[in-house]
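Peer 1: Here's a structure for you.
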Amino acid sequence: MRKLWIGLTYLVFFLLIAAPLGKMAIGAFSEGFGGFWNALTRPEALHALMMTGLVVIVVTLLNTLFGIMMALYLVRANWINRRLKGLLNSLVDLPYAVSPVIGGLMIVLLLGPDSALGAIFEGIGLKIVYAIPGMIIATLFVTFPLMVREVMPVLQEIGSQQEEAASTLGARGWTIFWKVTWPSIRWAVVYGVILTVARSLGEFGAVLVVSGNIMNKTQTATTLVYQDVENFNVTAAGGIALVLAAFSAGLLLLMEWTKRRKEVQ
Amino acid sequence: MHVEVRGLNKHFGDFHAVKDVNFTITKGHLIGLLGPSGGGKTSILRMLAGLETPDNGEIIFHGQTVNNLPPQERGIGFVFQNYALFKHMTVFDNIAFGLKVKKVSKTAIRDRVMELVELTGLKGFEKRYPHQLSGGQRQRVAFARALAPEPQLLLLDEPFAAIDAKIRQELRAWLRELIERVGITSIFVTHDQDEAIEVADEIMIINQGQLEQKGTPWDIYKEPKTPFVATFIGESTLIEDASEVKGFKGAGDGKPTKALIRPEYIEVGNLHEFKMASATEKGVVKHLHFRGSEWLVEVEVNGHKLVTYRSLEKETLQPGQDISVLVHRAYLFNDERSWIQENNLKEDPMPIFI
């Protein structure tokens with residue numbers, strides 16, 4: 001009986017994770033290494049990877065900055081009304097609850113060419129939806145809770161006394177942040193960065209809606225994979241998917257390592 | 001630093017934490033803020049530091065109102081209850097922090113830190129991190145860190161609360177000596193009356209946000225101004241009707257008056273041990289507790305349980321033994337006033353003049 005359960009567990013693991021990964025790798029190399037290389041170096045693939053890279057970098061930078069600030073304000077600022085704080089705190093989790101596709105749709109409705117705001121931006125020559133700004137906003141929407149939720153518990157745990165002590169010793173805002181707060185939260189921030197990179201690398205739904213998936217313009221790696229699959233181009237899809245999967249595996253290892261550092265603190 | 005506080009008030013939501021507190025503190029004094037937990041002591045301390053903003057009232061340092069000054073500019077040192085050491089910095093860097101912020105030269109920082117390390121007995125620990133130190137050592141680092149920028153006022157929030165009893169004793173004496181040597185005006189918060197009495201030049205008793213009494217430990221012990229102070233200092237027994245105690249008949253001129261009787265106001269013994277036998281009352285020994293250097297005796301007199309001490313030099317008592325009890329004085333209070341009264345039978349009714 002016990003052997004059966006163990007066997008079943010391994011079977012599930014194999015069917016769910018190992019087999020698809022293996023099949024994907026085989027698919028990517030079904031036309032040899034040349035096929036894999038060609039799939040990757042197609043102009044649209046290179047462009048899609050570049051778009052993904054750009055979105056990941058910009059989103060990670062913005063999300064790190066605003067995520068830390070949001071966490072600081074939610075935990076430390078006593079000038080914010082307590083009810084408002086509670087409301088903000090639950091709003092942060094909204095992207096967890098809302099499907100990314102709906103997130104993307106909200107952005108299209110708010111900033112699309114047919115909306116008032118979108119028209120204003122278009123008037124000054126800034127296209128948001130079906131362009132890179134919209135894709136960044138959509139990915140930011142999806143990743144926003146990640147940094148806040150990593151940093152907030154650490155801030156709560158260390159308390160404000162060290163910061164207060166620093167202020168009685170004459171230190172001001174920035175000095176207190178860099179010398180006292182930052183060393184305590186840095187591993188949580190690193191962890192949050194890794195989560196943000198991983199999430200924005202793999203984001204599909206919100207970006208698909210907002211970008212319009214225009215080849216060589218707003219197509220990202222994930223939406224290209226989607227299009228390749230639609231076109232029955234399994235080799236091409238597998239090649240890019242393999243690259244994404246490799247990145248994710250690397251991030252996973254980094255995540256494990258950071259988690260250990262975070263616990264040591 | 002000369003400190004003055006006028007009409008200080010603080011609310012936290014609906015909770016009135018500090019109620020119209022006024023006091024002045026003379027330069028160089030060591031003041032103990034004493035009172036039960038949650039009484040508003042820490043709030044007062046944090047307002048002095050600028051970590052909390054008063055709702056109204058004035059805080060005056062050296063004749064200047066500092067209400068609008070942030071903590072950075074008040075020239076104070078603050079020692080937190082849990083020390084709040086910078087846990088990712090060494091002892092040296094912790095102590096040097098205030099000086100580095102002030103952009104003092106490297107050599108001056110080194111000299112000052114080494115001086116403080118020496119003063120606080122932390123020599124050899126400069127390179128350690130807070131988690132590598134014992135509670136007492138952390139406490140010393142917290143003192144040294146607060147003292148490094150040469151503040152004019154040192155504020156200490158329950159400085160010994162997190163340290164075990166034996167080391168607490170040593171640290172108290174050490175702190176007292178250190179503050180005397182540095183000559184800095186200091187205010188510390190405590191809920192431990194022994195600590196306040198032992199360490200402070202003056203005690204301020206804070207209860208439910210109000211300043212009940214301010215004075216030297218001896219004054220407060222000798223003449224408590226309010227029933228709260230009388231019960232809080234010492235281990236008193238409360239008697240609902242003072243006139244039931246022998247020698248206090250007619251106390252309060254007929255008004256219902258309560259009595260607080262401290263152990264040291266009571267004498268117990270065999271009748272022949274007393275000079276004024278007529279002032280004594282009969283009682284029964286209920287319990288005896290050995291307190292290391294004396295006996296703690298619980299006696300029952302007229303249905304009231306009184307607590308007192310008895311020297312080990314005297315004849316040892318037994319539970320259940322009949323005994324004579326003399327109440328030398330009591331702290332009496334009613335709705336109008338409170339006062340200390342001597343036993344009125346102790347005056348010999350028929351003095352014999354030779």
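As shown in the structure tokens, the chain order sets the letters A, B, ...; within each chain, residues go from 1, and ligands are also counted from 1 in the order they appear.
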Chain A residues within 8 Å of chain B, counting only C-alpha atoms: which ones, as a ChimeraX atom specification?

Peer 2: /A:161-162,164-172,180,183-184

Peer 1: Can you tell me, as JSON, numbers by chain, what residues are no more than 12 Å from Ile185 in chain A when counting only C-alpha atoms, ignoring any on the same chain fewer than 5 positions away?

Peer 2: {"A": [68, 71, 72, 147, 148, 150, 151, 152, 153, 154, 155, 156, 157, 158, 159, 177, 178, 179, 180, 190, 191, 192, 261, 262, 263, 265], "B": [88]}

Peer 1: Just to be explicit: take each residue in the selection above, keep N, CA, C and O atoms, and write the result as a compact mmCIF listing (two decimals), in the first residue's frame.

Peer 2:
# COMPACT_ATOMS: atom_id res chain seq x y z
N ILE A 68 9.27 49.40 -1.56
CA ILE A 68 9.90 49.72 -0.28
C ILE A 68 9.22 50.92 0.35
O ILE A 68 8.91 50.95 1.54
N ALA A 71 5.82 49.96 1.70
CA ALA A 71 5.96 49.19 2.94
C ALA A 71 6.31 50.12 4.10
O ALA A 71 5.74 50.01 5.19
N LEU A 72 7.22 51.05 3.86
CA LEU A 72 7.61 51.99 4.92
C LEU A 72 6.42 52.82 5.37
O LEU A 72 6.20 53.00 6.57
N MET A 147 6.97 42.97 -3.54
CA MET A 147 7.97 43.66 -2.73
C MET A 147 7.37 44.11 -1.40
O MET A 147 7.96 43.92 -0.34
N VAL A 148 6.17 44.68 -1.47
CA VAL A 148 5.54 45.19 -0.24
C VAL A 148 5.39 44.07 0.78
O VAL A 148 5.72 44.22 1.96
N GLU A 150 7.04 41.33 1.06
CA GLU A 150 8.31 40.82 1.58
C GLU A 150 8.86 41.75 2.66
O GLU A 150 9.38 41.31 3.68
N VAL A 151 8.78 43.06 2.40
CA VAL A 151 9.46 44.03 3.26
C VAL A 151 8.63 44.34 4.52
O VAL A 151 9.20 44.50 5.60
N MET A 152 7.29 44.38 4.37
CA MET A 152 6.47 44.79 5.52
C MET A 152 6.69 43.96 6.79
O MET A 152 6.89 44.54 7.87
N PRO A 153 6.66 42.63 6.71
CA PRO A 153 6.83 41.87 7.96
C PRO A 153 8.18 42.13 8.63
O PRO A 153 8.27 42.14 9.85
N VAL A 154 9.22 42.32 7.81
CA VAL A 154 10.54 42.58 8.40
C VAL A 154 10.53 43.92 9.14
O VAL A 154 11.02 44.03 10.26
N LEU A 155 9.93 44.92 8.52
CA LEU A 155 9.85 46.23 9.18
C LEU A 155 9.07 46.12 10.48
O LEU A 155 9.43 46.72 11.49
N GLN A 156 7.98 45.33 10.44
CA GLN A 156 7.18 45.18 11.66
C GLN A 156 7.98 44.47 12.74
O GLN A 156 7.93 44.83 13.90
N GLU A 157 8.76 43.48 12.32
CA GLU A 157 9.50 42.70 13.30
C GLU A 157 10.61 43.50 13.95
O GLU A 157 10.81 43.43 15.15
N ILE A 158 11.37 44.28 13.15
CA ILE A 158 12.48 45.03 13.76
C ILE A 158 11.97 46.19 14.59
O ILE A 158 12.67 46.67 15.47
N GLY A 159 10.73 46.63 14.37
CA GLY A 159 10.19 47.72 15.17
C GLY A 159 10.84 49.05 14.85
O GLY A 159 11.77 49.11 14.05
N PHE A 177 17.62 55.75 7.25
CA PHE A 177 17.24 54.68 6.33
C PHE A 177 18.45 53.85 5.91
O PHE A 177 18.44 52.63 6.02
N TRP A 178 19.50 54.53 5.45
CA TRP A 178 20.64 53.77 4.91
C TRP A 178 21.45 53.05 5.97
O TRP A 178 21.91 51.94 5.77
N LYS A 179 21.61 53.70 7.14
CA LYS A 179 22.49 53.11 8.15
C LYS A 179 21.77 52.12 9.06
O LYS A 179 22.37 51.22 9.60
N VAL A 180 20.47 52.34 9.27
CA VAL A 180 19.77 51.53 10.26
C VAL A 180 18.72 50.61 9.64
O VAL A 180 18.71 49.41 9.87
N VAL A 190 16.14 41.88 -1.57
CA VAL A 190 16.73 41.02 -2.60
C VAL A 190 15.75 39.91 -2.98
O VAL A 190 15.52 39.62 -4.16
N TYR A 191 15.11 39.33 -1.98
CA TYR A 191 14.14 38.28 -2.22
C TYR A 191 12.97 38.81 -3.05
O TYR A 191 12.52 38.18 -3.99
N GLY A 192 12.53 40.01 -2.66
CA GLY A 192 11.44 40.66 -3.40
C GLY A 192 11.83 40.93 -4.84
O GLY A 192 11.03 40.76 -5.76
N ARG A 261 19.92 33.31 3.58
CA ARG A 261 20.55 34.53 4.11
C ARG A 261 19.55 35.32 4.96
O ARG A 261 19.88 35.86 5.99
N LYS A 262 18.31 35.34 4.46
CA LYS A 262 17.28 36.12 5.13
C LYS A 262 17.03 35.54 6.53
O LYS A 262 16.81 36.26 7.48
N GLU A 263 17.08 34.22 6.63
CA GLU A 263 16.83 33.60 7.92
C GLU A 263 17.98 33.79 8.89
O GLU A 263 17.78 33.92 10.08
N GLN A 265 19.78 36.37 9.20
CA GLN A 265 19.74 37.73 9.75
C GLN A 265 19.12 37.78 11.13
O GLN A 265 18.02 37.64 11.36
N HIS B 88 23.38 45.27 13.39
CA HIS B 88 24.35 44.93 12.36
C HIS B 88 25.64 45.73 12.52
O HIS B 88 26.49 45.73 11.64

Peer 1: Neighbouring residues of range 262-276 of chain B were defined as those with any atom within 6 Å, considering only C-alpha atoms; residues of the same chain fewer than 5 positions away were excluded. Please report them as a ChimeraX atom specification.

Peer 2: /B:236,307-308,323-329

Peer 1: For the residues in that selection, give me N, CA, C and O atoms as a PDB file, in the first residue's frame.

Peer 2:
ATOM      1  N   SER B 236       1.617  48.217  52.446  1.00  0.00           N
ATOM      2  CA  SER B 236       0.686  48.639  53.485  1.00  0.00           C
ATOM      3  C   SER B 236      -0.525  47.720  53.581  1.00  0.00           C
ATOM      4  O   SER B 236      -0.865  47.029  52.638  1.00  0.00           O
ATOM      5  N   VAL B 307       0.382  43.116  58.818  1.00  0.00           N
ATOM      6  CA  VAL B 307       1.668  42.522  58.457  1.00  0.00           C
ATOM      7  C   VAL B 307       2.777  43.350  59.080  1.00  0.00           C
ATOM      8  O   VAL B 307       2.738  44.582  59.047  1.00  0.00           O
ATOM      9  N   THR B 308       3.744  42.697  59.667  1.00  0.00           N
ATOM     10  CA  THR B 308       4.870  43.437  60.259  1.00  0.00           C
ATOM     11  C   THR B 308       6.138  42.581  60.214  1.00  0.00           C
ATOM     12  O   THR B 308       6.107  41.427  59.787  1.00  0.00           O
ATOM     13  N   ILE B 323      -0.580  37.345  71.263  1.00  0.00           N
ATOM     14  CA  ILE B 323       0.515  38.300  71.262  1.00  0.00           C
ATOM     15  C   ILE B 323      -0.030  39.705  71.417  1.00  0.00           C
ATOM     16  O   ILE B 323      -1.218  39.951  71.185  1.00  0.00           O
ATOM     17  N   SER B 324       0.824  40.633  71.821  1.00  0.00           N
ATOM     18  CA  SER B 324       0.399  42.026  71.934  1.00  0.00           C
ATOM     19  C   SER B 324       0.885  42.807  70.723  1.00  0.00           C
ATOM     20  O   SER B 324       1.986  42.573  70.234  1.00  0.00           O
ATOM     21  N   VAL B 325       0.025  43.696  70.274  1.00  0.00           N
ATOM     22  CA  VAL B 325       0.333  44.451  69.058  1.00  0.00           C
ATOM     23  C   VAL B 325       0.214  45.934  69.356  1.00  0.00           C
ATOM     24  O   VAL B 325      -0.772  46.379  69.959  1.00  0.00           O
ATOM     25  N   LEU B 326       1.209  46.719  68.910  1.00  0.00           N
ATOM     26  CA  LEU B 326       1.144  48.166  69.066  1.00  0.00           C
ATOM     27  C   LEU B 326       1.271  48.810  67.694  1.00  0.00           C
ATOM     28  O   LEU B 326       2.235  48.567  66.973  1.00  0.00           O
ATOM     29  N   VAL B 327       0.256  49.610  67.341  1.00  0.00           N
ATOM     30  CA  VAL B 327       0.318  50.349  66.072  1.00  0.00           C
ATOM     31  C   VAL B 327       0.831  51.748  66.399  1.00  0.00           C
ATOM     32  O   VAL B 327       0.129  52.543  67.011  1.00  0.00           O
ATOM     33  N   HIS B 328       2.085  52.020  66.015  1.00  0.00           N
ATOM     34  CA  HIS B 328       2.698  53.298  66.387  1.00  0.00           C
ATOM     35  C   HIS B 328       2.051  54.472  65.679  1.00  0.00           C
ATOM     36  O   HIS B 328       1.766  55.492  66.277  1.00  0.00           O
ATOM     37  N   ARG B 329       1.864  54.336  64.365  1.00  0.00           N
ATOM     38  CA  ARG B 329       1.216  55.434  63.630  1.00  0.00           C
ATOM     39  C   ARG B 329       0.517  54.856  62.409  1.00  0.00           C
ATOM     40  O   ARG B 329       0.739  53.684  62.054  1.00  0.00           O
TER      41      ARG B 329
END

Peer 1: I'd like the contact shell of range 88-91 of chain A - 10 Å cut-off, only C-alpha atoms, skipping same-chain residues fewer than 5 positions apart - returned as a ChimeraX atom specification.

Peer 2: /A:70-71,74-75,82-83,96,145,148-149

Peer 1: Kindly give the distance, in Å, that separates CA of Lys225 in chain B and CA of Gln341 in chain B, rounded to a single decimal.

Peer 2: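 It comes out at 13.5 Å.
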
Peer 1: Which polymer residues have any atom within 6 Å of an atom of His2 in chain B, counting only C-alpha atoms, with same-chain residues fewer than 3 positions away left out, as an mmCIF file with N, CA and C atoms, in the first residue's frame?

Peer 2:
data_model
loop_
_atom_site.group_PDB
_atom_site.id
_atom_site.type_symbol
_atom_site.label_atom_id
_atom_site.label_comp_id
_atom_site.auth_asym_id
_atom_site.auth_seq_id
_atom_site.Cartn_x
_atom_site.Cartn_y
_atom_site.Cartn_z
ATOM 1 N N ILE B 25 12.824 70.195 36.895
ATOM 2 C CA ILE B 25 13.926 69.347 37.326
ATOM 3 C C ILE B 25 15.195 70.181 37.365
ATOM 4 N N THR B 26 15.886 70.126 38.500
ATOM 5 C CA THR B 26 17.113 70.890 38.671
ATOM 6 C C THR B 26 18.247 70.221 37.910
ATOM 7 N N LYS B 27 19.122 71.048 37.389
ATOM 8 C CA LYS B 27 20.287 70.566 36.641
ATOM 9 C C LYS B 27 21.089 69.563 37.473
ATOM 10 N N PHE B 61 13.491 73.430 27.894
ATOM 11 C CA PHE B 61 14.859 73.074 28.272
ATOM 12 C C PHE B 61 15.648 74.375 28.366
ATOM 13 N N HIS B 62 16.312 74.636 29.499
ATOM 14 C CA HIS B 62 17.146 75.835 29.622
ATOM 15 C C HIS B 62 16.368 77.107 29.313
#

Peer 1: Quick one: distance from CA of Phe125 in chain B to CA of Glu195 in chain B in Å, one decimal?

Peer 2: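 Spanning CA of Phe125 in chain B to CA of Glu195 in chain B is a straight-line distance of 27.9 Å.
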
Peer 1: Apply DSSP to the backbone of this structure and, from range 14-189 of chain A, keep only the residues in alpha helix (DSSP H); write these as a VMD selection string.

Peer 2: chain A and resid 19 to 28 32 to 41 43 to 76 82 to 92 94 to 97 100 to 111 116 to 123 132 to 158 161 to 168 173 to 176 182 to 189

Peer 1: Excluding same-chain residues fewer than 5 positions from Asn334 in chain B, what lies within 8 Å of it counting only C-alpha atoms, as a PDB file with all heavy atoms, in the first residue's frame?

Peer 2:
ATOM      1  N   GLY B 252     -10.323  61.417  62.414  1.00  0.00           N
ATOM      2  CA  GLY B 252     -11.143  61.998  61.359  1.00  0.00           C
ATOM      3  C   GLY B 252     -12.359  62.729  61.906  1.00  0.00           C
ATOM      4  O   GLY B 252     -13.245  63.084  61.145  1.00  0.00           O
ATOM      5  N   LYS B 255     -15.849  61.573  60.831  1.00  0.00           N
ATOM      6  CA  LYS B 255     -16.063  61.249  59.413  1.00  0.00           C
ATOM      7  C   LYS B 255     -15.483  59.866  59.121  1.00  0.00           C
ATOM      8  O   LYS B 255     -14.495  59.467  59.733  1.00  0.00           O
ATOM      9  CB  LYS B 255     -15.343  62.271  58.521  1.00  0.00           C
ATOM     10  CG  LYS B 255     -15.984  63.636  58.559  1.00  0.00           C
ATOM     11  CD  LYS B 255     -15.469  64.481  57.410  1.00  0.00           C
ATOM     12  CE  LYS B 255     -16.000  65.887  57.521  1.00  0.00           C
ATOM     13  NZ  LYS B 255     -15.431  66.590  58.723  1.00  0.00           N
ATOM     14  N   PRO B 256     -16.112  59.113  58.200  1.00  0.00           N
ATOM     15  CA  PRO B 256     -15.533  57.798  57.865  1.00  0.00           C
ATOM     16  C   PRO B 256     -14.118  57.960  57.319  1.00  0.00           C
ATOM     17  O   PRO B 256     -13.910  58.667  56.347  1.00  0.00           O
ATOM     18  CB  PRO B 256     -16.485  57.243  56.803  1.00  0.00           C
ATOM     19  CG  PRO B 256     -17.387  58.350  56.420  1.00  0.00           C
ATOM     20  CD  PRO B 256     -17.328  59.422  57.442  1.00  0.00           C
ATOM     21  N   THR B 257     -13.182  57.347  58.005  1.00  0.00           N
ATOM     22  CA  THR B 257     -11.775  57.530  57.664  1.00  0.00           C
ATOM     23  C   THR B 257     -11.113  56.175  57.528  1.00  0.00           C
ATOM     24  O   THR B 257     -11.379  55.270  58.312  1.00  0.00           O
ATOM     25  CB  THR B 257     -11.076  58.341  58.771  1.00  0.00           C
ATOM     26  OG1 THR B 257     -11.736  59.596  58.884  1.00  0.00           O
ATOM     27  CG2 THR B 257      -9.616  58.564  58.464  1.00  0.00           C
ATOM     28  N   LYS B 258     -10.291  56.046  56.487  1.00  0.00           N
ATOM     29  CA  LYS B 258      -9.562  54.801  56.282  1.00  0.00           C
ATOM     30  C   LYS B 258      -8.136  54.943  56.784  1.00  0.00           C
ATOM     31  O   LYS B 258      -7.617  56.053  56.866  1.00  0.00           O
ATOM     32  CB  LYS B 258      -9.542  54.443  54.791  1.00  0.00           C
ATOM     33  CG  LYS B 258     -10.923  54.183  54.240  1.00  0.00           C
ATOM     34  CD  LYS B 258     -10.881  53.900  52.772  1.00  0.00           C
ATOM     35  CE  LYS B 258     -12.311  53.751  52.261  1.00  0.00           C
ATOM     36  NZ  LYS B 258     -12.356  53.436  50.853  1.00  0.00           N
TER      37      LYS B 258
END

Peer 1: Name the residues of range 98-324 of chain B that fall into strand (DSSP E) according to DSSP on the backbone, using the chain letters and numbers of this document, as a short mmCIF file (atom, residue, chain, number, x, y, z; two decimals) with N, CA and C atoms, in the first residue's frame.

Peer 2:
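Final output, saved to selection19.cif:
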data_model
loop_
_atom_site.label_atom_id
_atom_site.label_comp_id
_atom_site.auth_asym_id
_atom_site.auth_seq_id
_atom_site.Cartn_x
_atom_site.Cartn_y
_atom_site.Cartn_z
N LEU B 153 20.80 65.90 28.59
CA LEU B 153 19.74 65.24 29.36
C LEU B 153 19.72 63.78 28.94
N LEU B 154 19.76 62.90 29.93
CA LEU B 154 19.73 61.46 29.62
C LEU B 154 18.38 60.89 30.04
N LEU B 155 17.69 60.25 29.10
CA LEU B 155 16.39 59.67 29.38
C LEU B 155 16.48 58.16 29.30
N LEU B 156 16.02 57.47 30.33
CA LEU B 156 16.15 56.02 30.37
C LEU B 156 14.78 55.39 30.58
N ASP B 157 14.38 54.53 29.65
CA ASP B 157 13.07 53.88 29.75
C ASP B 157 13.24 52.48 30.33
N THR B 185 22.02 65.60 33.88
CA THR B 185 20.64 65.52 34.35
C THR B 185 20.01 64.26 33.74
N SER B 186 19.38 63.45 34.56
CA SER B 186 18.85 62.18 34.04
C SER B 186 17.45 61.91 34.57
N ILE B 187 16.64 61.30 33.71
CA ILE B 187 15.30 60.88 34.13
C ILE B 187 15.14 59.42 33.73
N PHE B 188 14.76 58.58 34.69
CA PHE B 188 14.52 57.19 34.30
C PHE B 188 13.14 56.75 34.73
N VAL B 189 12.60 55.85 33.93
CA VAL B 189 11.26 55.33 34.18
C VAL B 189 11.39 53.96 34.82
N THR B 190 10.59 53.69 35.83
CA THR B 190 10.61 52.36 36.42
C THR B 190 9.26 52.05 37.06
N GLU B 202 15.36 62.25 43.29
CA GLU B 202 13.96 62.63 43.50
C GLU B 202 13.08 61.65 42.75
N ILE B 203 11.90 61.40 43.30
CA ILE B 203 10.97 60.48 42.64
C ILE B 203 9.72 61.26 42.24
N MET B 204 9.22 60.96 41.05
CA MET B 204 7.91 61.48 40.68
C MET B 204 7.00 60.27 40.54
N ILE B 205 5.89 60.27 41.30
CA ILE B 205 4.97 59.14 41.22
C ILE B 205 3.89 59.47 40.20
N ILE B 206 3.78 58.64 39.18
CA ILE B 206 2.82 58.87 38.12
C ILE B 206 1.77 57.76 38.17
N ASN B 207 0.50 58.16 38.20
CA ASN B 207 -0.56 57.17 38.20
C ASN B 207 -1.69 57.67 37.31
N GLN B 210 -1.43 61.03 35.79
CA GLN B 210 -1.28 62.21 36.63
C GLN B 210 -0.04 62.11 37.51
N LEU B 211 0.55 63.28 37.78
CA LEU B 211 1.67 63.33 38.71
C LEU B 211 1.11 63.39 40.11
N GLU B 212 1.28 62.30 40.88
CA GLU B 212 0.68 62.24 42.21
C GLU B 212 1.53 63.00 43.23
N GLN B 213 2.84 62.81 43.15
CA GLN B 213 3.72 63.47 44.11
C GLN B 213 5.14 63.48 43.58
N LYS B 214 5.86 64.55 43.94
CA LYS B 214 7.26 64.66 43.55
C LYS B 214 8.05 65.01 44.79
N GLY B 215 9.13 64.33 45.03
CA GLY B 215 9.93 64.61 46.21
C GLY B 215 11.06 63.62 46.35
N THR B 237 -1.15 47.76 54.75
CA THR B 237 -2.43 47.11 54.94
C THR B 237 -3.48 48.20 55.03
N LEU B 238 -4.59 48.01 54.32
CA LEU B 238 -5.65 49.01 54.34
C LEU B 238 -6.73 48.58 55.33
N ILE B 239 -7.08 49.48 56.25
CA ILE B 239 -8.18 49.23 57.19
C ILE B 239 -9.31 50.18 56.83
N LYS B 258 -10.29 56.05 56.49
CA LYS B 258 -9.56 54.80 56.28
C LYS B 258 -8.14 54.94 56.78
N ALA B 259 -7.53 53.81 57.08
CA ALA B 259 -6.15 53.84 57.57
C ALA B 259 -5.28 52.92 56.75
N LEU B 260 -4.05 53.39 56.47
CA LEU B 260 -3.04 52.54 55.85
C LEU B 260 -1.95 52.34 56.87
N ILE B 261 -1.62 51.09 57.11
CA ILE B 261 -0.62 50.82 58.13
C ILE B 261 0.53 50.04 57.52
N ILE B 266 4.25 48.94 62.93
CA ILE B 266 3.64 48.00 63.88
C ILE B 266 4.73 47.29 64.68
N GLU B 267 4.47 47.12 65.97
CA GLU B 267 5.40 46.36 66.79
C GLU B 267 4.62 45.20 67.40
N VAL B 268 5.21 44.01 67.37
CA VAL B 268 4.55 42.87 68.01
C VAL B 268 5.49 42.27 69.05
N GLY B 269 4.93 41.63 70.05
CA GLY B 269 5.77 40.99 71.05
C GLY B 269 4.93 40.61 72.27
N GLU B 281 -2.76 45.99 71.95
CA GLU B 281 -4.01 45.29 71.70
C GLU B 281 -3.68 43.81 71.55
N LYS B 282 -4.65 42.96 71.84
CA LYS B 282 -4.37 41.53 71.72
C LYS B 282 -4.51 41.06 70.27
N GLY B 283 -3.63 40.16 69.89
CA GLY B 283 -3.72 39.61 68.54
C GLY B 283 -3.26 38.17 68.54
N VAL B 284 -3.44 37.51 67.39
CA VAL B 284 -3.01 36.12 67.24
C VAL B 284 -2.08 36.03 66.03
N VAL B 285 -0.96 35.35 66.21
CA VAL B 285 -0.03 35.16 65.09
C VAL B 285 -0.66 34.18 64.11
N LYS B 286 -0.81 34.59 62.86
CA LYS B 286 -1.42 33.71 61.86
C LYS B 286 -0.36 32.94 61.07
N HIS B 287 0.60 33.70 60.52
CA HIS B 287 1.65 33.06 59.73
C HIS B 287 2.98 33.69 60.05
N LEU B 288 4.03 32.91 59.82
CA LEU B 288 5.40 33.44 59.94
C LEU B 288 6.12 33.12 58.63
N HIS B 289 6.78 34.13 58.07
CA HIS B 289 7.58 33.87 56.86
C HIS B 289 9.01 34.30 57.14
N PHE B 290 9.95 33.43 56.85
CA PHE B 290 11.35 33.80 57.04
C PHE B 290 11.81 34.58 55.82
N TRP B 295 11.90 38.15 60.32
CA TRP B 295 10.63 37.43 60.17
C TRP B 295 9.57 38.37 59.64
N LEU B 296 8.76 37.87 58.71
CA LEU B 296 7.57 38.60 58.32
C LEU B 296 6.41 37.94 59.07
N VAL B 297 5.73 38.74 59.90
CA VAL B 297 4.70 38.18 60.77
C VAL B 297 3.33 38.68 60.32
N GLU B 298 2.41 37.75 60.14
CA GLU B 298 1.02 38.14 59.89
C GLU B 298 0.25 37.93 61.18
N VAL B 299 -0.37 39.00 61.69
CA VAL B 299 -1.15 38.85 62.92
C VAL B 299 -2.58 39.27 62.65
N GLU B 300 -3.50 38.65 63.40
CA GLU B 300 -4.89 39.04 63.26
C GLU B 300 -5.30 39.78 64.52
N VAL B 301 -5.80 41.01 64.31
CA VAL B 301 -6.24 41.84 65.42
C VAL B 301 -7.65 42.32 65.11
N HIS B 304 -8.82 42.10 61.67
CA HIS B 304 -8.00 42.68 60.61
C HIS B 304 -6.68 41.95 60.54
N LYS B 305 -6.23 41.71 59.33
CA LYS B 305 -4.92 41.07 59.17
C LYS B 305 -3.86 42.15 59.00
N LEU B 306 -2.90 42.18 59.90
CA LEU B 306 -1.82 43.17 59.80
C LEU B 306 -0.51 42.44 59.50
N VAL B 307 0.38 43.12 58.82
CA VAL B 307 1.67 42.52 58.46
C VAL B 307 2.78 43.35 59.08
N THR B 308 3.74 42.70 59.67
CA THR B 308 4.87 43.44 60.26
C THR B 308 6.14 42.58 60.21
N TYR B 309 7.24 43.18 60.63
CA TYR B 309 8.52 42.44 60.69
C TYR B 309 8.92 42.23 62.14
N ARG B 310 9.75 41.23 62.38
CA ARG B 310 10.28 41.04 63.73
C ARG B 310 11.72 40.58 63.60
N ASP B 322 -0.83 33.83 71.13
CA ASP B 322 -1.44 35.12 71.49
C ASP B 322 -0.32 36.11 71.70
N ILE B 323 -0.58 37.35 71.26
CA ILE B 323 0.51 38.30 71.26
C ILE B 323 -0.03 39.70 71.42
N SER B 324 0.82 40.63 71.82
CA SER B 324 0.40 42.03 71.93
C SER B 324 0.88 42.81 70.72
#

Peer 1: Return the single residue from B:Phe232, B:Tyr221, B:Trp174, B:Phe333 that is closest to Asp192 in chain B, with distances computed using only C-alpha atoms.

Peer 2: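 Answer, going by the shortest atom-to-atom distance: B:Phe232.
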